[in-house]
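Only one structure is covered here, and it is reproduced in the block below.
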Amino acid sequence: MTTEGDRVAGFGRLEDGLRHASPWYVWGPYVSERQWGTVREDYSEDGDAWNYLPFDHARSRAYRWGEDGLAGFSDIHQDLCLGLALWNGRDPFLKERLFGLTGPEGNHGEDVKEHWWYLDALPSHAWNRWRYHYPQSAFPYDQLRLENSRRDRRSPEYELLDTGVFDQDRYWITEVSYAKSDDAAELLLEITITNAGGEADTVHVLPTAWFRNTWSWDDSAPRPRLKAAANGTGSAGDAAAGVDIGHPWLGPLELLADTASDGTAPRPLFCENETNDERLFGCAPVTQFPKDGINDHVVSGAATVNPQQQGTKCAFWYTLTVPPGESATVRVRLRPKPAGGTTNSFGDSFDLVLRQRKAEADEFYRALTPEAAGQDEASVMRQAFAGMLWSKQFYSFAVATWLDGDPSQPKPPPERELNRNARWRNFNAFDIMSMPDKWEYPWFAAWDLAFHCVSLAHVDPGFAKYQLVLLCREWFQHPNGALPAYEWDFSDVNPPVQAWAALEVFVLDGARDTDFLARIFDKLLVNFTWWVNREDMYGNNLFEGGFLGLDNIGPIDRSHLPAGAVLEQSDATGWMAFYALSMALIASVLWRSGRRHGADLVLKFLEHYAAIAGAMEDLGMWDEQDGMFYDHLSLPGGATIPVKARSMVGMIPLLAVAIVDEEMLHKSLRFGKQFADFLQRQGLADEAKLREKGLLRDGTGNPERLLLSVVGTEKLEILLRSLFDESRFLSPFGLRSLSAVHKDEPYVLHLEGTTATIDYEPAESTTGMFGGNSNWRGPIWFPLNYLVINSLLKYHRFFGEDFTVEYPTGSGEQHTLREIAADLRERLVSIFLRGSDGRRPCYGWVERLQDDPQWRDNICFSEYFHGDNAAGLGASHQTGWTGLIADVIRRRHGAVPETGDAVADLFNNGETS
């Protein structure tokens with residue numbers, strides 16, 4: 001029997017990507033949950049993506065670059081999609097996609113207003129399970145828009161549960177399960193819908209298939225077809241309805257629908273995946289049966305489905321009346337069309353495949369779950385991995401084509417050449433990528449993706465490595481070496497964490513694949529050079545970077561400064577020291593595994609590190625009294641202003657830590673002039689001084705080791721005192737992004753006649769900076785908590801058990817850095833677990849999510865968490881870096897080695913291949 005390990009082992013050669021992927025990857029959850037309102041679908045003059053293609057247009061307009069839907073699956077090129085539509089008989093249109101507010105509509109930016117969960121998934125997608133709660137009364141679209149528009153940024157968001165639409169449990173519990181048969185080419189779909197209410201009610205269930213529209217943009221492109229089977233059921237004698245699928249690349253397929261569990265037979269409906277020009281633009285229609293034809297026919301009886309039963313979009317229409325508390329089931333099967341004869345489709349074999357795949361998923365996650373993990377913790381871990389795997393998405397975006405327009409379409413307005421991404425004509429994506437959130441962020445983001453890969457490496461290291469390499473390919477990376485940040489502005493700058501992530505993935509994969517490390521190292525050499533050449537304006541090794549993914553963490557917009565001003569950033573500079581040390585460590589791994597010139601490259605990056613660390617020391621970013629590093633704003637007149645907002649910006653230098661062993665230490669001092677000079681300037685050029693400062697030490701029978709740290713030993717204790725102060729950064733659930741000291745002492749920056757202020761905001765942002773939907777002014781974010789924990793463990797590896805600090809500050813209790821790292825992990829895990837009171841902190845004050853058995857154990861992995869009580873905030877399904885909780889749970893129980901330990905053991909044992 002094929003195991004899940006067998007299925008995911010053959011992702012293929014990284015450089016060939018999808019063309020050489022294992023057959024088990026051909027079908028997966030690659031459909032976005034929101035294609036409308038994205039940059040790639042925006043052909044406006046002003047770049048207002050939200051208003052160019054709003055939610056109200058989505059059901060009627062054909063998309064150019066991808067598709068969206070409920071519980072969507074597609075092939076790896078997204079030629080054919082499967083999904084679900086529902087209708088409660090009261091809504092004005094079918095529920096074909098999740099509803100949410102655009103950025104301008106929400107009082108805290110864009111925001112989805114639905115309740116769904118990713119319950120389970122295998123890396124091969126041989127088993128995936130999804131859950132959605134659909135109201136039985138009319139969905140309150142207008143109510144959500146109007147009430148949120150009345151609220152300002154000081155008020156909480158008005159959510160779907162607040163409308164009362166779920167009162168008296170009047171909703172449908174909808175569960176969708178996908179399973180693959182043994183040859184991976186067949187896809188089984190089971191939809192179970194349960195009436196949670198107290199009265200019988202009727203629901204319309206429409207499993208839907210459609211082709212991505214590839215023909216409207218190029219007249220020469222072939223048009224595939226969906227057509228009712230000649231005998232109504234195709235080759236399957238036990239099917240209630242069948243559709244023959246003809247596509248030039250997928251080959252002949254058939255889609256079969258079973259009679260529902262209550263005896264209801266489906267009615268096949270067909271239309272075209274074409275824009276309804278008459279509805280949207282008041283012009284002559286391209287077809288009588290446009291994209292919303294099935295919707296109009298079901299909801300109002302319109303003659304908008306093709307009576308010849310063919311098209312490029314189809315659905316099986318079930319009308320189910322379900323008693324209270326009971327369920328009905330619909331089953332669909334997609335498979336290659338058999339050459340002849342009747343093939344059983346929905347008998348015992350269908351149920352057997354579902355049971356087998358579920359059992360395989362149980363076995364797969366049982367092996368991943370630490371023995372010490374409790375049942376609740378194991379469930380959180382499994383759902384976090386499920387969210388990571390469900391958040392894969394087909395991503396197609398050719399910027400040159402987007403700018404110039406398609407041959408059969410009107411030419412885009414010339415103003416678009418002056419808007420976003422015009423300098424990224426090389427960008428030409430057509431791939432499966434890990435998304436931060438397939439509704440709110442249905443596009444990749446560079447530094448998010450690095451953290452995704454760390455989580456994914458636990459379940460699918462081949463895919464994780466593929467993602468890291470992909471971002472550095474020539475059709476992603478700019479010719480000048482820059483990496484694209486995110487779709488709204490590829491030119492913005494994210495923290496350079498790719499080298500660190502590559503090393504983490506390398507270790508999680510068993511520390512054997514040096515070919516992967518070498519491949520990404522060569523690409524990152526170019527990116528590192530870009531940073532040095534383009535983000536260090538004065539050439540003084542203090543870096544700018546701007547945005548750096550931390551949105552509104554500063555009192556001013558760090559991407560848009562006053563004319564002539566330069567912000568030398570402690571976080572950008574700390575990130576570059578971190579980057580240099582990560583590259584040095586990769587170079588060291590490659591050198592010891594036999595790569596020529598590896599030692600020279602180690603020295604190169606140690607030299608860069610020394611220059612950066614020396615600049616931070618010489619140019620006064622450190623504030624002794626506050627125990628933090630601060631940004632410096634240089635004005636055109638020559639004045640320099642420290643920006644003394646006490647945020648995680650000032651803690652990033654803590655991350656730049658590494659341990660240099662004896663062999664490399666002697667080479668560095670001997671041949672690395674800048675590195676030796678750096679030590680000389682700090683009075684550390686001889687062994688006695690290094691030992692006196694605590695930076696050089698050895699163990700019994702072990703070679704000497706040198707601690708490299710921007711912070712050093714003296715600053716480390718001061719900085720940790722601030723970081724571990726519960727009135728500042730340390731909350732019961734992790735580290736805040738902004739010190740709580742600013743709750744009573746807002747920081748005010750006076751600048752050229754203007755005043756900028758920042759205060760502690762533990763929940764949503766009260767400013768409109770970066771759309772207002774993301775807040776770094778107090779909440780807990782997973783990526784920086786995760787990196788701080790990693791750094792503490794590196795310090796502990798060097799100092800050992802005899803180095804302790806007070807934790808929490810003021811408690812009088814001394815702890816090693818390893819003990820503190822363990823406690824921080826426990827705090828992060830506790831965000832999701834039910835406590836002694838039965839409540840999960842991540843669900844805050846929402847009683848239904850805390851108490852209702854149908855809701856409380858389905859976990860959402862929010863974008864960030866309230867700085868004081870850990871309620872989930874921001875995007876509700878940010879299973880990107882918040883998915884790190886799965887990694888944290890495994891590391892908390894020692895299920896995987898820490899990276900520093902693994903690399904050191906690798907070298908000591910001489911096991912590099």
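A note on labels: chains of the structure tokens are A, B, ... as shown, every chain counts residues from 1, and ligands are counted from 1 in their shown order.
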Counting only C-alpha atoms, what is within 10 Å of Trp27 (chain A), bar same-chain residues fewer than 6 positions away, as a tab-separated table (two decimals) with C-alpha atoms, in the first residue's frame?
chain	number	residue	atom	x	y	z
A	73	PHE	CA	-9.76	22.02	-5.57
A	74	SER	CA	-8.05	22.22	-8.94
A	75	ASP	CA	-5.38	20.59	-10.99
A	76	ILE	CA	-1.86	21.92	-10.63
A	77	HIS	CA	-2.25	24.28	-13.62
A	78	GLN	CA	-5.79	25.23	-12.57
A	80	LEU	CA	-10.27	22.61	-14.10
A	81	CYS	CA	-11.70	23.60	-10.72
A	124	SER	CA	-0.33	14.85	-0.99
A	125	HIS	CA	-3.96	15.97	-0.64
A	126	ALA	CA	-5.03	12.35	-0.72
A	180	LYS	CA	-7.91	10.32	-3.85
A	184	ALA	CA	-4.01	9.51	-7.59
A	185	ALA	CA	-5.96	10.34	-10.77
A	186	GLU	CA	-9.41	9.93	-9.21
A	187	LEU	CA	-10.84	12.53	-6.86
Next item on the list: Determine which residues of region 475-547 of chain A DSSP labels as alpha helix (DSSP H) from the backbone of this structure, then write them out as number ranges by chain.
Entry: A: 498-508, 514-534
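CA of Met628 (chain A) is positioned 16.9 Å from CA of Val805 (chain A).
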Next item on the list: Write out as a ChimeraX atom specification the residues lying within 6 Å of region 287-297 of chain A, counting only C-alpha atoms and excluding same-chain residues fewer than 3 positions away.
Entry: /A:59-60,94,271-276,300-302,304-305
Next item on the list: Mind listing the strand (DSSP E or B) residues of region 57-302 of chain A, per DSSP on the backbone, as number ranges by chain?
Entry: A: 68, 70-75, 80-87, 95, 100-101, 107, 109, 111-112, 116-121, 127-135, 171-180, 187-195, 201-211, 225-228, 241-246, 253-257, 267-271
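Those residues that approach region 816-822 of chain A to within 6 Å, counting only C-alpha atoms, are Ile789, Leu792, Leu793, His796 and Thr804 of chain A; same-chain residues fewer than 6 positions away are not listed.
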Dump of C-alpha atoms for the selected residues, as a compact mmCIF listing (two decimals), in the first residue's frame:
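Done, and the output landed in result_34.txt:
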# COMPACT_ATOMS: atom_id res chain seq x y z
CA ILE A 789 13.17 32.02 21.16
CA LEU A 792 17.81 32.65 23.29
CA LEU A 793 18.63 29.02 22.63
CA HIS A 796 22.20 29.29 25.95
CA THR A 804 20.90 33.11 34.27
Item checked: Non-local contacts of Leu86 (chain A) (8 Å; only C-alpha atoms; under 2 positions in same chain excluded) as a ChimeraX atom specification -> /A:84,88,94-96,203-206
Margin query: I'd like the contact shell of Thr640 (chain A) - 10 Å cut-off, only C-alpha atoms, skipping same-chain residues fewer than 6 positions apart - returned as a PyMOL selection string.
Written below: chain A and resi 565-568+632-634
Atoms kept (N, CA and C atoms) for selection, written as a PDB file, in the first residue's frame:
ATOM      1  N   ALA A 565      14.877  62.923   3.744  1.00  0.00           N
ATOM      2  CA  ALA A 565      15.173  62.264   5.023  1.00  0.00           C
ATOM      3  C   ALA A 565      15.564  60.809   4.790  1.00  0.00           C
ATOM      4  N   VAL A 566      16.431  60.309   5.639  1.00  0.00           N
ATOM      5  CA  VAL A 566      16.864  58.906   5.590  1.00  0.00           C
ATOM      6  C   VAL A 566      16.690  58.310   6.976  1.00  0.00           C
ATOM      7  N   LEU A 567      16.019  57.181   7.052  1.00  0.00           N
ATOM      8  CA  LEU A 567      15.819  56.498   8.327  1.00  0.00           C
ATOM      9  C   LEU A 567      16.774  55.320   8.405  1.00  0.00           C
ATOM     10  N   GLU A 568      17.815  55.484   9.239  1.00  0.00           N
ATOM     11  CA  GLU A 568      18.735  54.373   9.475  1.00  0.00           C
ATOM     12  C   GLU A 568      18.128  53.522  10.580  1.00  0.00           C
ATOM     13  N   HIS A 632      17.534  55.946  13.740  1.00  0.00           N
ATOM     14  CA  HIS A 632      17.998  57.322  13.648  1.00  0.00           C
ATOM     15  C   HIS A 632      17.469  57.930  12.358  1.00  0.00           C
ATOM     16  N   LEU A 633      16.811  59.062  12.473  1.00  0.00           N
ATOM     17  CA  LEU A 633      16.284  59.773  11.307  1.00  0.00           C
ATOM     18  C   LEU A 633      17.230  60.913  10.959  1.00  0.00           C
ATOM     19  N   SER A 634      17.857  60.825   9.772  1.00  0.00           N
ATOM     20  CA  SER A 634      18.781  61.859   9.309  1.00  0.00           C
ATOM     21  C   SER A 634      18.038  62.816   8.393  1.00  0.00           C
TER      22      SER A 634
END
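Taking only C-alpha atoms into account, Ile193 (chain A) lies nearest to A:Val330 out of the set A:Thr319, A:Val330, A:Ala763, A:Leu101.
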Next item on the list: Tell me which of A:Asn306, A:Ser593, A:Asn541, A:Asn428 sits closest to Ala580 (chain A), counting only C-alpha atoms.
Entry: A:Asn541
Item checked: A:Met651, A:Ala328, A:Ala656, A:Ala378 ranked by distance to Tyr579 (chain A), top pick (using only C-alpha atoms) -> A:Ala656
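Among the candidate residues A:Leu784, A:Ala236, A:Val896, A:Ala457, the one lying nearest to Asn344 (chain A) is A:Ala236, with distances computed using only C-alpha atoms.
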Checklist line | Contact residues around region 4-10 of chain A with only C-alpha atoms at 7 Å, ignoring same-chain residues under 2 positions, as an NGL selection string | finding: :A and (2 or 12 or 21-22 or 24 or 123-124 or 460)
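When only C-alpha atoms are used to measure the gap to Leu824 (chain A), the shortest distance among A:Tyr158, A:Tyr843, A:Phe782, A:Phe211 belongs to A:Phe782.
Minimum distance to Thr573 (chain A) across A:Val710, A:Arg145, A:Lys743, A:Leu601 (counting only C-alpha atoms) occurs at A:Val710.
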